[in-house]
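Reproduced below: start.cif, with mmCIF, C-alpha atoms and all ligand atoms.
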data_model
loop_
_atom_site.group_PDB
_atom_site.id
_atom_site.type_symbol
_atom_site.label_atom_id
_atom_site.label_comp_id
_atom_site.auth_asym_id
_atom_site.auth_seq_id
_atom_site.Cartn_x
_atom_site.Cartn_y
_atom_site.Cartn_z
ATOM 1 C CA MET A 1 0.000 0.000 0.000
ATOM 2 C CA GLY A 2 2.927 2.375 0.529
ATOM 3 C CA VAL A 3 2.866 5.609 2.491
ATOM 4 C CA LYS A 4 -0.028 7.939 3.238
ATOM 5 C CA LEU A 5 0.201 11.494 1.981
ATOM 6 C CA HIS A 6 -1.805 13.697 4.300
ATOM 7 C CA ARG A 7 -2.451 16.827 2.342
ATOM 8 C CA CYS A 8 -4.894 19.672 1.848
ATOM 9 C CA SER A 9 -8.082 19.041 -0.082
ATOM 10 C CA ASN A 10 -7.214 21.413 -2.931
ATOM 11 C CA LEU A 11 -6.410 18.407 -5.109
ATOM 12 C CA TRP A 12 -6.979 20.362 -8.321
ATOM 13 C CA LEU A 13 -4.210 22.910 -7.610
ATOM 14 C CA LYS A 14 -1.256 21.431 -9.471
ATOM 15 C CA VAL A 15 1.354 24.191 -9.542
ATOM 16 C CA LYS A 16 4.950 24.072 -8.327
ATOM 17 C CA ALA A 17 4.389 26.673 -5.632
ATOM 18 C CA HIS A 18 1.700 24.581 -3.935
ATOM 19 C CA PRO A 19 3.328 22.729 -1.009
ATOM 20 C CA CYS A 20 1.102 19.657 -1.165
ATOM 21 C CA TRP A 21 1.373 19.259 -4.909
ATOM 22 C CA LYS A 22 5.160 19.735 -4.809
ATOM 23 C CA VAL A 23 5.492 16.711 -2.536
ATOM 24 C CA GLN A 24 2.827 14.640 -4.306
ATOM 25 C CA LYS A 25 4.525 15.251 -7.669
ATOM 26 C CA ALA A 26 7.857 14.121 -6.254
ATOM 27 C CA LEU A 27 6.239 10.874 -5.042
ATOM 28 C CA ASP A 28 4.715 10.418 -8.510
ATOM 29 C CA ASP A 29 7.996 11.115 -10.288
ATOM 30 C CA LEU A 30 9.884 8.638 -8.109
ATOM 31 C CA GLY A 31 7.196 5.983 -8.493
ATOM 32 C CA ILE A 32 6.560 5.779 -4.772
ATOM 33 C CA GLU A 33 3.230 4.186 -3.952
ATOM 34 C CA TYR A 34 1.004 6.331 -1.772
ATOM 35 C CA GLU A 35 -2.558 6.910 -0.687
ATOM 36 C CA VAL A 36 -3.871 10.466 -0.540
ATOM 37 C CA VAL A 37 -5.571 11.425 2.711
ATOM 38 C CA PRO A 38 -7.195 14.822 2.122
ATOM 39 C CA GLY A 39 -7.575 16.832 5.295
ATOM 40 C CA PRO A 40 -10.193 19.363 6.313
ATOM 41 C CA TRP A 41 -9.745 22.753 4.704
ATOM 42 C CA PRO A 42 -9.237 25.428 5.853
ATOM 43 C CA SER A 43 -10.022 24.581 9.456
ATOM 44 C CA ARG A 44 -6.803 23.859 11.363
ATOM 45 C CA LYS A 45 -8.915 22.920 14.371
ATOM 46 C CA LYS A 46 -10.134 19.711 12.746
ATOM 47 C CA ARG A 47 -6.683 18.487 11.756
ATOM 48 C CA ASP A 48 -6.503 16.016 14.585
ATOM 49 C CA ALA A 49 -4.566 13.307 12.746
ATOM 50 C CA VAL A 50 -1.761 15.508 11.426
ATOM 51 C CA LEU A 51 -1.535 17.360 14.735
ATOM 52 C CA ALA A 52 -1.242 14.133 16.693
ATOM 53 C CA GLY A 53 1.302 12.730 14.243
ATOM 54 C CA THR A 54 3.539 15.738 13.671
ATOM 55 C CA GLY A 55 2.803 18.198 16.466
ATOM 56 C CA GLN A 56 1.666 20.898 14.046
ATOM 57 C CA THR A 57 -1.230 21.467 11.630
ATOM 58 C CA SER A 58 0.312 22.240 8.243
ATOM 59 C CA TYR A 59 0.207 19.894 5.286
ATOM 60 C CA PRO A 60 1.733 18.003 3.603
ATOM 61 C CA ALA A 61 2.866 15.245 5.933
ATOM 62 C CA ILE A 62 3.746 11.633 5.245
ATOM 63 C CA GLN A 63 2.699 8.701 7.394
ATOM 64 C CA PHE A 64 4.635 5.474 6.996
ATOM 65 C CA GLU A 65 3.067 2.048 7.097
ATOM 66 C CA ASP A 66 4.206 1.501 10.670
ATOM 67 C CA GLY A 67 2.437 4.693 11.751
ATOM 68 C CA ARG A 68 5.450 6.984 12.001
ATOM 69 C CA TRP A 69 5.231 10.450 10.474
ATOM 70 C CA TYR A 70 7.499 12.744 8.463
ATOM 71 C CA ARG A 71 6.935 16.471 8.136
ATOM 72 C CA GLU A 72 9.377 19.226 7.133
ATOM 73 C CA GLN A 73 9.023 22.270 4.926
ATOM 74 C CA SER A 74 7.622 21.008 1.620
ATOM 75 C CA LYS A 75 10.745 21.997 -0.308
ATOM 76 C CA ASP A 76 12.849 19.905 2.056
ATOM 77 C CA MET A 77 10.392 17.012 1.790
ATOM 78 C CA GLU A 78 10.619 17.262 -1.998
ATOM 79 C CA HIS A 79 14.433 17.124 -1.868
ATOM 80 C CA THR A 80 14.324 14.163 0.496
ATOM 81 C CA ILE A 81 12.020 12.263 -1.844
ATOM 82 C CA ARG A 82 13.882 13.155 -5.037
ATOM 83 C CA GLU A 83 17.208 12.173 -3.467
ATOM 84 C CA GLY A 84 15.765 8.760 -2.568
ATOM 85 C CA ARG A 85 16.006 9.412 1.166
ATOM 86 C CA LEU A 86 12.333 9.215 2.124
ATOM 87 C CA MET A 87 12.634 5.861 3.840
ATOM 88 C CA THR A 88 15.600 7.096 5.900
ATOM 89 C CA LYS A 89 13.090 9.413 7.606
ATOM 90 C CA ASN A 90 11.353 6.390 9.037
ATOM 91 C CA VAL A 91 14.129 5.482 11.420
ATOM 92 C CA ARG A 92 13.451 5.326 15.143
ATOM 93 C CA PRO A 93 15.774 7.748 16.980
ATOM 94 C CA ALA A 94 18.621 6.065 18.884
ATOM 95 C CA ASN A 95 17.381 7.495 22.186
ATOM 96 C CA ASP A 96 13.825 6.227 21.732
ATOM 97 C CA SER A 97 13.072 4.410 24.960
ATOM 98 C CA ASN A 98 9.821 2.845 23.848
ATOM 99 C CA PRO A 99 10.683 0.220 21.221
ATOM 100 C CA SER A 100 7.886 -1.960 19.830
HETATM 101 N N1 LIG B 201 5.918 26.600 4.268
HETATM 102 C C1 LIG B 201 5.082 25.422 4.386
HETATM 103 C C2 LIG B 201 3.675 25.793 3.977
HETATM 104 C C3 LIG B 201 2.739 24.639 4.136
HETATM 105 C C4 LIG B 201 1.330 25.057 3.804
HETATM 106 O O1 LIG B 201 0.987 26.257 3.732
HETATM 107 N N2 LIG B 201 0.496 24.049 3.586
HETATM 108 C C5 LIG B 201 -0.872 24.320 3.338
HETATM 109 C C6 LIG B 201 -1.499 23.239 2.487
HETATM 110 S S1 LIG B 201 -0.863 23.190 0.851
HETATM 111 C C7 LIG B 201 -1.611 24.389 4.621
HETATM 112 O O2 LIG B 201 -1.603 23.459 5.406
HETATM 113 N N3 LIG B 201 -2.223 25.550 4.790
HETATM 114 C C8 LIG B 201 -3.125 25.824 5.847
HETATM 115 C C9 LIG B 201 -2.517 25.924 7.177
HETATM 116 O O3 LIG B 201 -1.303 26.115 7.300
HETATM 117 O O4 LIG B 201 -3.281 25.775 8.114
HETATM 118 C C10 LIG B 201 5.641 24.312 3.512
HETATM 119 O O5 LIG B 201 6.162 24.597 2.428
HETATM 120 O O6 LIG B 201 5.575 23.147 3.925
#
Taking this structure as input, can you express it in the form of structure tokens?
Amino acid sequence: MGVKLHRCSNLWLKVKAHPCWKVQKALDDLGIEYEVVPGPWPSRKKRDAVLAGTGQTSYPAIQFEDGRWYREQSKDMEHTIREGRLMTKNVRPANDSNPS
């Protein structure tokens, strides 16, 4: 199934300057399988999932299959994806004291 792309619901806005599209296009270009999870727009208050996962309310954000999340500025996320480093973002920190 791949990763989940949590993004805004303006799915029609496909221009480079649009943060969500920038990241979605990079996933497309790299052939990374993903599921789009459109969030509520514009209400930040209803963004419970992305807030719980990333500690903030902006999109886009990526959720890995094991439930971990990745969120940076969209331009940095794009670079990460295009450089083939997306999966390196799904590494549990060395000091994580709650392994499962
Ligand atoms: N500088 C941020 C901007 C992110 C951003 O504005 N995302 C939009 C969706 S495309 C959003 O969540 N806007 C509404 C909000 O911030 O509540 C980035 O590039 O990641």
Seminar exercise, completed: A:Pro40 proximity check over A:Thr80, A:Ile62, A:Glu72, A:Asn10, using all atoms listed in the file: winner is A:Asn10
For this session: Expand the PyMOL selection byres (((not hetatm)) within 9 of (chain B and resi 201)) into the individual residues it matches in the shown file, reporting them as a count of residues only.
Result: 29
Exercise. Atom CA of A:Ala49 and atom CA of A:Thr88 are how many Å apart?
Worked result: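 Between atom CA of A:Ala49 and atom CA of A:Thr88 the gap is 22.2 Å.
Taking atom CA of A:Gln63 and atom CA of A:His6 as endpoints, the distance between them is 7.4 Å.
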Exercise. Counting all atoms listed in the file, which of A:Val3, A:Leu30, A:Leu13, A:Val37 gets nearest to A:Glu65?
Worked result: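 Looking at the shortest contact to A:Glu65, the residue is A:Val3.
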Exercise. By how many Å are atom CA of A:Leu11 and atom CA of A:Ala52 apart?
Worked result: 22.8 Å
For this session: For A:Arg68, please output as a PyMOL selection string all residues within 9 Å (counting all atoms listed in the file; exclusion window: fewer than 2 positions along the same chain).
Result: chain A and resi 53+62-66+70+90-92
So that all listed atoms of stretch 47-66 of chain A fit with 4 Å spare on each side, what axis-aligned box centre and edge lengths in Å, to one decimal, would you give as lines of an AutoDock Vina configuration file?
center_x = -1.0
center_y = 11.9
center_z = 10.1
size_x = 19.3
size_y = 28.7
size_z = 21.1
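Here the PyMOL selection byres (((chain A and resi 81) around 10) and not hetatm) matches the residues Val23, Gln24, Lys25, Ala26, Leu27, Asp29, Leu30, Ile32, Lys75, Asp76, Met77, Glu78, His79, Thr80, Arg82, Glu83, Gly84, Arg85, Leu86, Met87, Thr88 and Lys89 of chain A.
Using all atoms listed in the file, the smallest distance between any of A:Asp48, A:Asp28, A:Glu33, A:Lys16 and A:Lys4 comes from A:Glu33.
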